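Step one of this worksheet: look at the structure below.
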Amino acid sequence: MQSHFRGKVAVITGASSGIGRALALQMGGAGARLALSDIDAAGLAQTMALLPSGTEARAYKLDVSSREAVFAHADDVKRDFGAAHFVFNNAGTTMVGTFENLEIDEIEWQLGINLWGVIYGSKAFLPMMLAQREGCIVNISSIFGLIGFPTQSAYNISKFGVRGLTECLWRELEGTGVRALCVHPGGIKTNIERDGRRCRNAGQEEARLQALGAKLLVTPPETCANDILRAVRSGKKRLMTGNKSSTLFWLTRLMPNSYHSLVKLVA
């Protein structure tokens, strides 16, 4: 792994915890140069303190839902590192609520981080990669980018959008030296349930999903990060990783119009 990443510049959003922190530590161990960002400056500082000795890294406080901030971040990375070879659009959160109960501003908040953050990150760093004819954009979708799930409509919209963008890039980037990887994590044990939000009009359906989270979110983020980096090295276009991810993927392939009846049994 070290020879593939050594000396390369890796941009990782959402690096204060979870998958982002695990990616930072593993990329640092592989000799990559790290541009780490998060809106949580304290958590980001903790990640920086955990990096292997000798890792070249910079921390940037960043709100990925701000177009101006993300494009300025790309300029900062180019100034500080001179290039970007791997961009991990990982920052994300969740808004729990049925479509009926969600308010429009709550949906906009969810899409601002999970979808627009990925759009901004991909758009801001792509010119750099195309100019050097080298790079990989890693977009973190979700297994909920493959299946619709009750009380997750806003999250579904965002993650289906990330999937659509990344699949489009597969074709558009052919022959450029730049690649795109779409990652669909299943139940990863991160802070997403703790740090996410319940809609203001939440009721019994929303409470049921939050109780389900403890049961499903069990795969260590370190395992997920290792799977992602292995997929980057091997040139994969799509990755399923984490609890129930492969099961739910195949349900959508085999039963595209009726998978909900079986999802109830596995989730």
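Labels for the structure tokens follow display order: chains A, B, ..., residues from 1 in each chain, ligands from 1.
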How would you write, as a compact mmCIF listing (two decimals) with all heavy atoms, in the first residue's frame, the set of residues in stretch 8-110 of chain A that DSSP gives as alpha helix (DSSP H)?
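As a result, out_33.txt now contains:
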# COMPACT_ATOMS: atom_id res chain seq x y z
N GLY A 18 -14.59 8.97 12.73
CA GLY A 18 -15.18 7.96 11.86
C GLY A 18 -14.32 7.55 10.68
O GLY A 18 -13.10 7.36 10.80
N ILE A 19 -14.96 7.39 9.53
CA ILE A 19 -14.27 6.94 8.33
C ILE A 19 -13.18 7.93 7.92
O ILE A 19 -12.08 7.53 7.51
CB ILE A 19 -15.27 6.73 7.18
CG1 ILE A 19 -16.28 5.64 7.53
CG2 ILE A 19 -14.55 6.37 5.88
CD1 ILE A 19 -17.44 5.53 6.55
N GLY A 20 -13.46 9.23 8.03
CA GLY A 20 -12.47 10.23 7.65
C GLY A 20 -11.22 10.14 8.48
O GLY A 20 -10.10 10.22 7.96
N ARG A 21 -11.37 9.98 9.80
CA ARG A 21 -10.19 9.84 10.66
C ARG A 21 -9.43 8.55 10.31
O ARG A 21 -8.19 8.57 10.23
CB ARG A 21 -10.59 9.83 12.13
CG ARG A 21 -9.42 9.54 13.07
CD ARG A 21 -9.82 9.61 14.52
NE ARG A 21 -10.04 11.00 14.94
CZ ARG A 21 -10.44 11.35 16.17
NH1 ARG A 21 -10.68 10.40 17.08
NH2 ARG A 21 -10.60 12.62 16.48
N ALA A 22 -10.16 7.47 10.11
CA ALA A 22 -9.51 6.20 9.79
C ALA A 22 -8.75 6.29 8.46
O ALA A 22 -7.63 5.79 8.33
CB ALA A 22 -10.54 5.08 9.73
N LEU A 23 -9.33 6.97 7.48
CA LEU A 23 -8.63 7.18 6.21
C LEU A 23 -7.35 7.99 6.42
O LEU A 23 -6.30 7.68 5.85
CB LEU A 23 -9.54 7.90 5.22
CG LEU A 23 -10.63 7.08 4.55
CD1 LEU A 23 -11.61 8.00 3.81
CD2 LEU A 23 -10.03 6.07 3.56
N ALA A 24 -7.43 9.03 7.24
CA ALA A 24 -6.27 9.88 7.49
C ALA A 24 -5.14 9.09 8.13
O ALA A 24 -3.98 9.19 7.72
CB ALA A 24 -6.68 11.06 8.38
N LEU A 25 -5.47 8.28 9.14
CA LEU A 25 -4.43 7.53 9.84
C LEU A 25 -3.80 6.49 8.92
O LEU A 25 -2.58 6.29 8.94
CB LEU A 25 -5.03 6.85 11.08
CG LEU A 25 -5.61 7.79 12.14
CD1 LEU A 25 -6.06 7.00 13.36
CD2 LEU A 25 -4.61 8.86 12.55
N GLN A 26 -4.62 5.83 8.11
CA GLN A 26 -4.07 4.80 7.22
C GLN A 26 -3.29 5.41 6.06
O GLN A 26 -2.25 4.89 5.66
CB GLN A 26 -5.19 3.89 6.73
CG GLN A 26 -5.79 3.04 7.84
CD GLN A 26 -6.88 2.09 7.38
OE1 GLN A 26 -6.90 1.66 6.23
NE2 GLN A 26 -7.80 1.75 8.27
N MET A 27 -3.77 6.52 5.53
CA MET A 27 -3.03 7.19 4.46
C MET A 27 -1.73 7.77 5.00
O MET A 27 -0.69 7.74 4.33
CB MET A 27 -3.89 8.29 3.84
CG MET A 27 -5.02 7.79 2.96
SD MET A 27 -4.45 7.02 1.44
CE MET A 27 -4.19 8.46 0.41
N GLY A 28 -1.78 8.31 6.22
CA GLY A 28 -0.56 8.80 6.84
C GLY A 28 0.46 7.69 7.02
O GLY A 28 1.66 7.87 6.77
N GLY A 29 -0.02 6.53 7.44
CA GLY A 29 0.86 5.38 7.61
C GLY A 29 1.45 4.89 6.31
O GLY A 29 2.51 4.25 6.30
N ALA A 41 -13.35 21.60 14.53
CA ALA A 41 -11.92 21.88 14.68
C ALA A 41 -11.29 21.08 15.81
O ALA A 41 -10.14 20.63 15.69
CB ALA A 41 -11.70 23.38 14.91
N ALA A 42 -12.02 20.88 16.89
CA ALA A 42 -11.47 20.13 18.02
C ALA A 42 -11.24 18.67 17.66
O ALA A 42 -10.19 18.09 17.97
CB ALA A 42 -12.41 20.24 19.22
N GLY A 43 -12.21 18.07 17.00
CA GLY A 43 -12.05 16.69 16.57
C GLY A 43 -10.94 16.54 15.55
O GLY A 43 -10.19 15.55 15.55
N LEU A 44 -10.81 17.53 14.69
CA LEU A 44 -9.76 17.51 13.68
C LEU A 44 -8.38 17.58 14.33
O LEU A 44 -7.44 16.90 13.90
CB LEU A 44 -9.96 18.67 12.71
CG LEU A 44 -9.10 18.68 11.44
CD1 LEU A 44 -9.29 17.42 10.63
CD2 LEU A 44 -9.46 19.91 10.60
N ALA A 45 -8.27 18.38 15.37
CA ALA A 45 -7.01 18.47 16.11
C ALA A 45 -6.65 17.13 16.73
O ALA A 45 -5.47 16.74 16.77
CB ALA A 45 -7.10 19.55 17.19
N GLN A 46 -7.64 16.40 17.20
CA GLN A 46 -7.39 15.07 17.76
C GLN A 46 -6.88 14.12 16.69
O GLN A 46 -5.96 13.32 16.94
CB GLN A 46 -8.68 14.53 18.40
CG GLN A 46 -9.11 15.27 19.63
CD GLN A 46 -10.46 14.80 20.16
OE1 GLN A 46 -11.08 13.89 19.60
NE2 GLN A 46 -10.92 15.41 21.24
N THR A 47 -7.47 14.20 15.49
CA THR A 47 -6.98 13.36 14.38
C THR A 47 -5.53 13.70 14.07
O THR A 47 -4.70 12.80 13.90
CB THR A 47 -7.85 13.57 13.13
OG1 THR A 47 -9.20 13.18 13.40
CG2 THR A 47 -7.32 12.76 11.96
N MET A 48 -5.21 14.97 14.02
CA MET A 48 -3.84 15.39 13.73
C MET A 48 -2.87 14.81 14.76
O MET A 48 -1.76 14.38 14.42
CB MET A 48 -3.75 16.91 13.70
CG MET A 48 -4.48 17.57 12.55
SD MET A 48 -3.62 17.39 10.97
CE MET A 48 -2.23 18.51 11.21
N ALA A 49 -3.30 14.79 16.02
CA ALA A 49 -2.43 14.30 17.09
C ALA A 49 -2.21 12.79 17.00
O ALA A 49 -1.21 12.27 17.52
CB ALA A 49 -3.02 14.65 18.45
N LEU A 50 -3.12 12.09 16.35
CA LEU A 50 -3.03 10.63 16.24
C LEU A 50 -2.24 10.16 15.03
O LEU A 50 -1.94 8.97 14.90
CB LEU A 50 -4.44 10.03 16.18
CG LEU A 50 -5.30 10.14 17.44
CD1 LEU A 50 -6.74 9.74 17.14
CD2 LEU A 50 -4.71 9.28 18.55
N ARG A 67 -20.05 26.76 -0.98
CA ARG A 67 -19.32 26.71 -2.25
C ARG A 67 -18.05 27.54 -2.17
O ARG A 67 -16.97 27.08 -2.58
CB ARG A 67 -20.21 27.22 -3.39
CG ARG A 67 -19.50 27.24 -4.74
CD ARG A 67 -20.45 27.64 -5.85
NE ARG A 67 -20.94 29.01 -5.69
CZ ARG A 67 -21.81 29.58 -6.52
NH1 ARG A 67 -22.32 28.89 -7.54
NH2 ARG A 67 -22.20 30.83 -6.31
N GLU A 68 -18.16 28.76 -1.66
CA GLU A 68 -17.00 29.64 -1.58
C GLU A 68 -15.89 29.02 -0.72
O GLU A 68 -14.71 29.09 -1.08
CB GLU A 68 -17.40 31.01 -1.01
CG GLU A 68 -18.32 31.81 -1.89
CD GLU A 68 -19.78 31.33 -1.87
OE1 GLU A 68 -20.12 30.50 -0.98
OE2 GLU A 68 -20.56 31.78 -2.72
N ALA A 69 -16.28 28.40 0.39
CA ALA A 69 -15.29 27.82 1.29
C ALA A 69 -14.58 26.64 0.65
O ALA A 69 -13.35 26.49 0.79
CB ALA A 69 -15.96 27.38 2.59
N VAL A 70 -15.32 25.80 -0.06
CA VAL A 70 -14.70 24.61 -0.67
C VAL A 70 -13.75 25.01 -1.79
O VAL A 70 -12.64 24.48 -1.91
CB VAL A 70 -15.77 23.63 -1.16
CG1 VAL A 70 -15.13 22.47 -1.91
CG2 VAL A 70 -16.59 23.09 0.01
N PHE A 71 -14.15 25.96 -2.63
CA PHE A 71 -13.26 26.39 -3.71
C PHE A 71 -12.02 27.11 -3.16
O PHE A 71 -10.92 26.96 -3.69
CB PHE A 71 -14.02 27.25 -4.72
CG PHE A 71 -14.78 26.43 -5.72
CD1 PHE A 71 -16.00 25.86 -5.40
CD2 PHE A 71 -14.26 26.20 -6.99
CE1 PHE A 71 -16.71 25.08 -6.31
CE2 PHE A 71 -14.96 25.43 -7.91
CZ PHE A 71 -16.18 24.87 -7.57
N ALA A 72 -12.20 27.87 -2.08
CA ALA A 72 -11.04 28.49 -1.43
C ALA A 72 -10.14 27.42 -0.83
O ALA A 72 -8.90 27.55 -0.84
CB ALA A 72 -11.52 29.45 -0.33
N HIS A 73 -10.73 26.36 -0.32
CA HIS A 73 -9.96 25.25 0.24
C HIS A 73 -9.09 24.61 -0.83
O HIS A 73 -7.91 24.29 -0.60
CB HIS A 73 -10.91 24.22 0.85
CG HIS A 73 -10.24 23.01 1.40
ND1 HIS A 73 -9.21 23.07 2.32
CD2 HIS A 73 -10.45 21.68 1.16
CE1 HIS A 73 -8.82 21.85 2.63
NE2 HIS A 73 -9.54 20.99 1.94
N ALA A 74 -9.65 24.42 -2.03
CA ALA A 74 -8.86 23.85 -3.13
C ALA A 74 -7.66 24.74 -3.46
O ALA A 74 -6.55 24.25 -3.70
CB ALA A 74 -9.74 23.64 -4.36
N ASP A 75 -7.88 26.05 -3.43
CA ASP A 75 -6.78 26.99 -3.67
C ASP A 75 -5.72 26.87 -2.57
O ASP A 75 -4.51 26.91 -2.84
CB ASP A 75 -7.30 28.42 -3.73
CG ASP A 75 -8.14 28.70 -4.97
OD1 ASP A 75 -7.99 27.96 -5.97
OD2 ASP A 75 -8.94 29.65 -4.92
N ASP A 76 -6.18 26.71 -1.33
CA ASP A 76 -5.25 26.58 -0.21
C ASP A 76 -4.42 25.31 -0.33
O ASP A 76 -3.21 25.32 -0.07
CB ASP A 76 -6.01 26.57 1.12
CG ASP A 76 -6.61 27.92 1.47
OD1 ASP A 76 -6.20 28.93 0.87
OD2 ASP A 76 -7.51 27.97 2.33
N VAL A 77 -5.06 24.23 -0.72
CA VAL A 77 -4.34 22.96 -0.87
C VAL A 77 -3.31 23.06 -1.97
O VAL A 77 -2.16 22.60 -1.83
CB VAL A 77 -5.33 21.80 -1.14
CG1 VAL A 77 -4.58 20.53 -1.53
CG2 VAL A 77 -6.20 21.54 0.09
N LYS A 78 -3.67 23.69 -3.08
CA LYS A 78 -2.71 23.86 -4.18
C LYS A 78 -1.53 24.72 -3.73
O LYS A 78 -0.37 24.43 -4.07
CB LYS A 78 -3.40 24.48 -5.39
CG LYS A 78 -2.51 24.52 -6.61
CD LYS A 78 -3.27 24.98 -7.84
CE LYS A 78 -2.38 24.92 -9.09
NZ LYS A 78 -3.13 25.33 -10.30
N ARG A 79 -1.83 25.75 -2.95
CA ARG A 79 -0.75 26.61 -2.44
C ARG A 79 0.16 25.85 -1.47
O ARG A 79 1.39 25.98 -1.53
CB ARG A 79 -1.38 27.81 -1.72
CG ARG A 79 -0.38 28.78 -1.08
CD ARG A 79 -1.08 29.62 -0.02
NE ARG A 79 -1.56 28.81 1.10
CZ ARG A 79 -2.63 29.10 1.83
NH1 ARG A 79 -3.35 30.18 1.59
NH2 ARG A 79 -2.98 28.30 2.85
N ASP A 80 -0.45 25.06 -0.59
CA ASP A 80 0.31 24.40 0.47
C ASP A 80 1.01 23.12 0.03
O ASP A 80 2.06 22.76 0.55
CB ASP A 80 -0.62 24.08 1.65
CG ASP A 80 -1.19 25.33 2.31
OD1 ASP A 80 -0.57 26.40 2.17
OD2 ASP A 80 -2.25 25.22 2.97
N PHE A 81 0.40 22.41 -0.93
CA PHE A 81 0.95 21.11 -1.33
C PHE A 81 1.35 21.04 -2.81
O PHE A 81 2.08 20.14 -3.21
CB PHE A 81 -0.07 20.00 -1.05
CG PHE A 81 -0.31 19.74 0.41
CD1 PHE A 81 -1.33 20.39 1.09
CD2 PHE A 81 0.47 18.83 1.11
CE1 PHE A 81 -1.57 20.15 2.44
CE2 PHE A 81 0.24 18.57 2.45
CZ PHE A 81 -0.77 19.24 3.12
N ILE A 104 -38.92 21.78 4.53
CA ILE A 104 -38.05 22.03 3.38
C ILE A 104 -36.66 22.46 3.81
O ILE A 104 -35.64 22.03 3.24
CB ILE A 104 -38.67 23.09 2.44
CG1 ILE A 104 -39.92 22.54 1.75
CG2 ILE A 104 -37.65 23.56 1.41
CD1 ILE A 104 -39.64 21.40 0.79
N ASP A 105 -36.55 23.31 4.83
CA ASP A 105 -35.24 23.77 5.25
C ASP A 105 -34.39 22.63 5.80
O ASP A 105 -33.15 22.66 5.69
CB ASP A 105 -35.36 24.90 6.28
CG ASP A 105 -35.93 24.41 7.60
OD1 ASP A 105 -37.11 24.02 7.63
OD2 ASP A 105 -35.20 24.44 8.61
N GLU A 106 -35.03 21.61 6.37
CA GLU A 106 -34.29 20.45 6.88
C GLU A 106 -33.73 19.62 5.72
O GLU A 106 -32.61 19.10 5.80
CB GLU A 106 -35.20 19.61 7.77
CG GLU A 106 -35.60 20.33 9.05
CD GLU A 106 -36.64 19.59 9.87
OE1 GLU A 106 -37.54 18.94 9.27
OE2 GLU A 106 -36.57 19.66 11.11
N ILE A 107 -34.51 19.48 4.67
CA ILE A 107 -34.03 18.78 3.48
C ILE A 107 -32.87 19.55 2.86
O ILE A 107 -31.85 18.97 2.46
CB ILE A 107 -35.16 18.58 2.46
CG1 ILE A 107 -36.28 17.71 3.06
CG2 ILE A 107 -34.64 17.95 1.17
CD1 ILE A 107 -37.51 17.60 2.18
N GLU A 108 -33.01 20.87 2.80
CA GLU A 108 -31.94 21.70 2.22
C GLU A 108 -30.65 21.57 3.04
O GLU A 108 -29.55 21.52 2.47
CB GLU A 108 -32.39 23.16 2.16
CG GLU A 108 -33.48 23.40 1.12
CD GLU A 108 -34.03 24.80 1.15
OE1 GLU A 108 -33.91 25.47 2.21
OE2 GLU A 108 -34.60 25.23 0.14
N TRP A 109 -30.77 21.52 4.36
CA TRP A 109 -29.59 21.35 5.22
C TRP A 109 -28.90 20.03 4.91
O TRP A 109 -27.66 19.98 4.77
CB TRP A 109 -30.01 21.39 6.69
CG TRP A 109 -28.90 21.10 7.66
CD1 TRP A 109 -27.95 21.97 8.10
CD2 TRP A 109 -28.64 19.84 8.30
NE1 TRP A 109 -27.10 21.32 8.98
CE2 TRP A 109 -27.50 20.03 9.13
CE3 TRP A 109 -29.26 18.60 8.27
CZ2 TRP A 109 -26.97 19.00 9.90
CZ3 TRP A 109 -28.72 17.56 9.03
CH2 TRP A 109 -27.59 17.76 9.84
N GLN A 110 -29.68 18.96 4.77
CA GLN A 110 -29.11 17.65 4.46
C GLN A 110 -28.41 17.63 3.11
O GLN A 110 -27.27 17.17 2.98
CB GLN A 110 -30.23 16.59 4.46
CG GLN A 110 -29.81 15.20 4.07
CD GLN A 110 -29.07 14.47 5.17
OE1 GLN A 110 -29.61 13.66 5.85
NE2 GLN A 110 -27.79 14.80 5.33
Residues of stretch 14-103 of chain A in strand (DSSP E or B) according to DSSP, as a VMD selection string?
chain A and resid 33 to 38 57 to 61 86 to 89 95 to 97
Fewer than 4 positions away in the same chain doesn't count, so skip those; otherwise give me all residues within 10 Å of stretch 238-248 of chain A, counting only C-alpha atoms, as a PDB file with N, CA and C atoms, in the first residue's frame.
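Generated output (around.pdb):
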ATOM      1  N   VAL A 138     -12.846  10.050  -4.720  1.00  0.00           N
ATOM      2  CA  VAL A 138     -13.545   9.009  -3.962  1.00  0.00           C
ATOM      3  C   VAL A 138     -14.758   9.648  -3.297  1.00  0.00           C
ATOM      4  N   ASN A 139     -15.926   9.305  -3.794  1.00  0.00           N
ATOM      5  CA  ASN A 139     -17.164   9.881  -3.269  1.00  0.00           C
ATOM      6  C   ASN A 139     -17.873   8.870  -2.385  1.00  0.00           C
ATOM      7  N   ILE A 140     -18.163   9.290  -1.156  1.00  0.00           N
ATOM      8  CA  ILE A 140     -18.818   8.400  -0.209  1.00  0.00           C
ATOM      9  C   ILE A 140     -20.327   8.541  -0.355  1.00  0.00           C
ATOM     10  N   SER A 141     -20.921   7.556  -1.004  1.00  0.00           N
ATOM     11  CA  SER A 141     -22.378   7.466  -1.075  1.00  0.00           C
ATOM     12  C   SER A 141     -22.828   6.691   0.164  1.00  0.00           C
ATOM     13  N   SER A 142     -23.609   5.658  -0.007  1.00  0.00           N
ATOM     14  CA  SER A 142     -24.128   4.862   1.108  1.00  0.00           C
ATOM     15  C   SER A 142     -24.900   3.702   0.509  1.00  0.00           C
ATOM     16  N   ILE A 143     -25.162   2.699   1.318  1.00  0.00           N
ATOM     17  CA  ILE A 143     -26.091   1.678   0.865  1.00  0.00           C
ATOM     18  C   ILE A 143     -27.465   2.314   0.640  1.00  0.00           C
ATOM     19  N   PHE A 144     -27.708   3.466   1.316  1.00  0.00           N
ATOM     20  CA  PHE A 144     -28.948   4.213   1.085  1.00  0.00           C
ATOM     21  C   PHE A 144     -28.864   5.066  -0.180  1.00  0.00           C
ATOM     22  N   LEU A 146     -28.528   3.209  -2.770  1.00  0.00           N
ATOM     23  CA  LEU A 146     -28.994   2.109  -3.616  1.00  0.00           C
ATOM     24  C   LEU A 146     -30.419   1.687  -3.281  1.00  0.00           C
ATOM     25  N   ILE A 147     -30.822   1.889  -2.032  1.00  0.00           N
ATOM     26  CA  ILE A 147     -32.180   1.521  -1.623  1.00  0.00           C
ATOM     27  C   ILE A 147     -32.866   2.717  -0.961  1.00  0.00           C
ATOM     28  N   ARG A 163     -24.190   9.003  -5.913  1.00  0.00           N
ATOM     29  CA  ARG A 163     -24.009   7.848  -6.802  1.00  0.00           C
ATOM     30  C   ARG A 163     -24.146   8.257  -8.263  1.00  0.00           C
ATOM     31  N   THR A 166     -21.109  10.226  -9.501  1.00  0.00           N
ATOM     32  CA  THR A 166     -19.899   9.414  -9.629  1.00  0.00           C
ATOM     33  C   THR A 166     -19.980   8.474 -10.829  1.00  0.00           C
ATOM     34  N   GLU A 167     -21.140   7.879 -11.051  1.00  0.00           N
ATOM     35  CA  GLU A 167     -21.291   6.997 -12.204  1.00  0.00           C
ATOM     36  C   GLU A 167     -21.152   7.773 -13.512  1.00  0.00           C
ATOM     37  N   ALA A 180     -12.806   7.787 -10.750  1.00  0.00           N
ATOM     38  CA  ALA A 180     -13.775   8.055  -9.694  1.00  0.00           C
ATOM     39  C   ALA A 180     -14.229   6.735  -9.086  1.00  0.00           C
ATOM     40  N   LEU A 181     -14.345   6.731  -7.779  1.00  0.00           N
ATOM     41  CA  LEU A 181     -14.794   5.556  -7.034  1.00  0.00           C
ATOM     42  C   LEU A 181     -16.018   5.931  -6.218  1.00  0.00           C
ATOM     43  N   CYS A 182     -17.060   5.127  -6.332  1.00  0.00           N
ATOM     44  CA  CYS A 182     -18.280   5.331  -5.544  1.00  0.00           C
ATOM     45  C   CYS A 182     -18.309   4.299  -4.419  1.00  0.00           C
ATOM     46  N   VAL A 183     -18.354   4.773  -3.189  1.00  0.00           N
ATOM     47  CA  VAL A 183     -18.326   3.897  -2.016  1.00  0.00           C
ATOM     48  C   VAL A 183     -19.711   3.854  -1.384  1.00  0.00           C
ATOM     49  N   HIS A 184     -20.175   2.636  -1.094  1.00  0.00           N
ATOM     50  CA  HIS A 184     -21.491   2.443  -0.481  1.00  0.00           C
ATOM     51  C   HIS A 184     -21.318   1.750   0.876  1.00  0.00           C
ATOM     52  N   PRO A 185     -21.005   2.508   1.932  1.00  0.00           N
ATOM     53  CA  PRO A 185     -20.897   1.879   3.245  1.00  0.00           C
ATOM     54  C   PRO A 185     -22.260   1.401   3.741  1.00  0.00           C
ATOM     55  N   GLY A 186     -22.216   0.276   4.447  1.00  0.00           N
ATOM     56  CA  GLY A 186     -23.408  -0.205   5.141  1.00  0.00           C
ATOM     57  C   GLY A 186     -23.401   0.336   6.560  1.00  0.00           C
ATOM     58  N   GLY A 187     -23.558  -0.556   7.527  1.00  0.00           N
ATOM     59  CA  GLY A 187     -23.634  -0.110   8.923  1.00  0.00           C
ATOM     60  C   GLY A 187     -22.266   0.085   9.540  1.00  0.00           C
ATOM     61  N   ILE A 188     -21.715   1.291   9.417  1.00  0.00           N
ATOM     62  CA  ILE A 188     -20.392   1.602   9.970  1.00  0.00           C
ATOM     63  C   ILE A 188     -20.566   2.288  11.325  1.00  0.00           C
ATOM     64  N   LYS A 189     -19.771   1.865  12.294  1.00  0.00           N
ATOM     65  CA  LYS A 189     -19.881   2.413  13.649  1.00  0.00           C
ATOM     66  C   LYS A 189     -19.171   3.761  13.720  1.00  0.00           C
ATOM     67  N   LEU A 216     -27.498  -1.882  13.816  1.00  0.00           N
ATOM     68  CA  LEU A 216     -26.930  -2.017  12.475  1.00  0.00           C
ATOM     69  C   LEU A 216     -25.542  -1.412  12.325  1.00  0.00           C
ATOM     70  N   LEU A 217     -25.239  -0.348  13.076  1.00  0.00           N
ATOM     71  CA  LEU A 217     -23.967   0.353  12.896  1.00  0.00           C
ATOM     72  C   LEU A 217     -22.876  -0.330  13.713  1.00  0.00           C
ATOM     73  N   VAL A 218     -22.283  -1.370  13.150  1.00  0.00           N
ATOM     74  CA  VAL A 218     -21.364  -2.215  13.922  1.00  0.00           C
ATOM     75  C   VAL A 218     -19.976  -2.363  13.298  1.00  0.00           C
ATOM     76  N   THR A 219     -19.814  -2.122  12.002  1.00  0.00           N
ATOM     77  CA  THR A 219     -18.519  -2.323  11.363  1.00  0.00           C
ATOM     78  C   THR A 219     -17.552  -1.205  11.754  1.00  0.00           C
ATOM     79  N   PRO A 220     -16.356  -1.543  12.233  1.00  0.00           N
ATOM     80  CA  PRO A 220     -15.395  -0.494  12.615  1.00  0.00           C
ATOM     81  C   PRO A 220     -15.024   0.372  11.414  1.00  0.00           C
ATOM     82  N   PRO A 221     -14.894   1.682  11.597  1.00  0.00           N
ATOM     83  CA  PRO A 221     -14.518   2.553  10.482  1.00  0.00           C
ATOM     84  C   PRO A 221     -13.152   2.209   9.905  1.00  0.00           C
ATOM     85  N   THR A 223     -12.035  -0.747   9.332  1.00  0.00           N
ATOM     86  CA  THR A 223     -12.268  -1.780   8.321  1.00  0.00           C
ATOM     87  C   THR A 223     -12.755  -1.159   7.030  1.00  0.00           C
ATOM     88  N   CYS A 224     -13.676  -0.208   7.156  1.00  0.00           N
ATOM     89  CA  CYS A 224     -14.208   0.492   5.988  1.00  0.00           C
ATOM     90  C   CYS A 224     -13.091   1.246   5.258  1.00  0.00           C
ATOM     91  N   ALA A 225     -12.261   1.965   5.993  1.00  0.00           N
ATOM     92  CA  ALA A 225     -11.174   2.727   5.381  1.00  0.00           C
ATOM     93  C   ALA A 225     -10.201   1.813   4.654  1.00  0.00           C
ATOM     94  N   ASN A 226      -9.888   0.680   5.267  1.00  0.00           N
ATOM     95  CA  ASN A 226      -8.986  -0.273   4.632  1.00  0.00           C
ATOM     96  C   ASN A 226      -9.577  -0.795   3.324  1.00  0.00           C
ATOM     97  N   ASP A 227     -10.878  -1.074   3.329  1.00  0.00           N
ATOM     98  CA  ASP A 227     -11.550  -1.528   2.110  1.00  0.00           C
ATOM     99  C   ASP A 227     -11.496  -0.449   1.029  1.00  0.00           C
ATOM    100  N   ILE A 228     -11.697   0.811   1.430  1.00  0.00           N
ATOM    101  CA  ILE A 228     -11.677   1.917   0.463  1.00  0.00           C
ATOM    102  C   ILE A 228     -10.300   2.047  -0.175  1.00  0.00           C
ATOM    103  N   ARG A 230      -7.974  -0.184  -0.437  1.00  0.00           N
ATOM    104  CA  ARG A 230      -7.718  -1.355  -1.286  1.00  0.00           C
ATOM    105  C   ARG A 230      -8.437  -1.198  -2.627  1.00  0.00           C
ATOM    106  N   ALA A 231      -9.651  -0.646  -2.597  1.00  0.00           N
ATOM    107  CA  ALA A 231     -10.406  -0.430  -3.834  1.00  0.00           C
ATOM    108  C   ALA A 231      -9.746   0.642  -4.699  1.00  0.00           C
ATOM    109  N   VAL A 232      -9.202   1.684  -4.064  1.00  0.00           N
ATOM    110  CA  VAL A 232      -8.487   2.720  -4.814  1.00  0.00           C
ATOM    111  C   VAL A 232      -7.271   2.120  -5.513  1.00  0.00           C
ATOM    112  N   THR A 252     -31.371  -5.216  -4.203  1.00  0.00           N
ATOM    113  CA  THR A 252     -31.825  -4.217  -5.186  1.00  0.00           C
ATOM    114  C   THR A 252     -31.621  -4.705  -6.612  1.00  0.00           C
ATOM    115  N   ARG A 253     -30.603  -5.540  -6.839  1.00  0.00           N
ATOM    116  CA  ARG A 253     -30.367  -6.073  -8.180  1.00  0.00           C
ATOM    117  C   ARG A 253     -31.374  -7.145  -8.544  1.00  0.00           C
ATOM    118  N   LEU A 254     -31.696  -8.007  -7.574  1.00  0.00           N
ATOM    119  CA  LEU A 254     -32.570  -9.155  -7.844  1.00  0.00           C
ATOM    120  C   LEU A 254     -34.045  -8.813  -7.721  1.00  0.00           C
ATOM    121  N   TYR A 259     -37.911  -4.997  -3.138  1.00  0.00           N
ATOM    122  CA  TYR A 259     -36.929  -5.311  -2.101  1.00  0.00           C
ATOM    123  C   TYR A 259     -37.386  -4.887  -0.706  1.00  0.00           C
ATOM    124  N   LEU A 262     -38.250  -7.569   1.865  1.00  0.00           N
ATOM    125  CA  LEU A 262     -37.166  -8.328   2.478  1.00  0.00           C
ATOM    126  C   LEU A 262     -36.246  -7.457   3.314  1.00  0.00           C
ATOM    127  N   VAL A 263     -36.143  -6.167   2.974  1.00  0.00           N
ATOM    128  CA  VAL A 263     -35.324  -5.271   3.792  1.00  0.00           C
ATOM    129  C   VAL A 263     -35.818  -5.270   5.230  1.00  0.00           C
ATOM    130  N   VAL A 266     -33.933  -7.922   7.187  1.00  0.00           N
ATOM    131  CA  VAL A 266     -32.483  -7.801   7.437  1.00  0.00           C
ATOM    132  C   VAL A 266     -32.113  -6.490   8.106  1.00  0.00           C
ATOM    133  N   ALA A 267     -33.027  -5.542   8.135  1.00  0.00           N
ATOM    134  CA  ALA A 267     -32.765  -4.248   8.755  1.00  0.00           C
ATOM    135  C   ALA A 267     -33.974  -3.840   9.574  1.00  0.00           C
TER     136      ALA A 267
END
Which residue out of A:Tyr120, A:Trp250, A:Phe86, A:Phe99 has the minimum interatomic distance to A:Val162 when only C-alpha atoms are used?
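Smallest distance to A:Val162 is found for A:Tyr120.
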Nearest to A:Glu103 by atom-to-atom distance, counting only C-alpha atoms, from A:Arg33, A:Thr13, A:Ser53, A:Ser153
A:Ser153
Have a look at A:Gly97, A:Pro52, A:Gly164, A:Gly175 and name the one nearest to A:Gln152; count only C-alpha atoms.
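The closest residue to A:Gln152 is A:Gly97.
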Check the smallest atom-to-atom distance from each of A:Val11, A:Leu165, A:Leu111, A:Leu130 to A:Met95 using only C-alpha atoms, then report the winner.
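Among the listed residues, the smallest separation from A:Met95 belongs to A:Leu111.
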What is the distance between atom CA of A:Ala32 and atom CA of A:Ala59, in Å to one decimal?
14.4 Å
A:Leu251, A:Met128, A:Ala30, A:Ile157: which is nearest A:Gly112, counting only C-alpha atoms?
A:Ile157
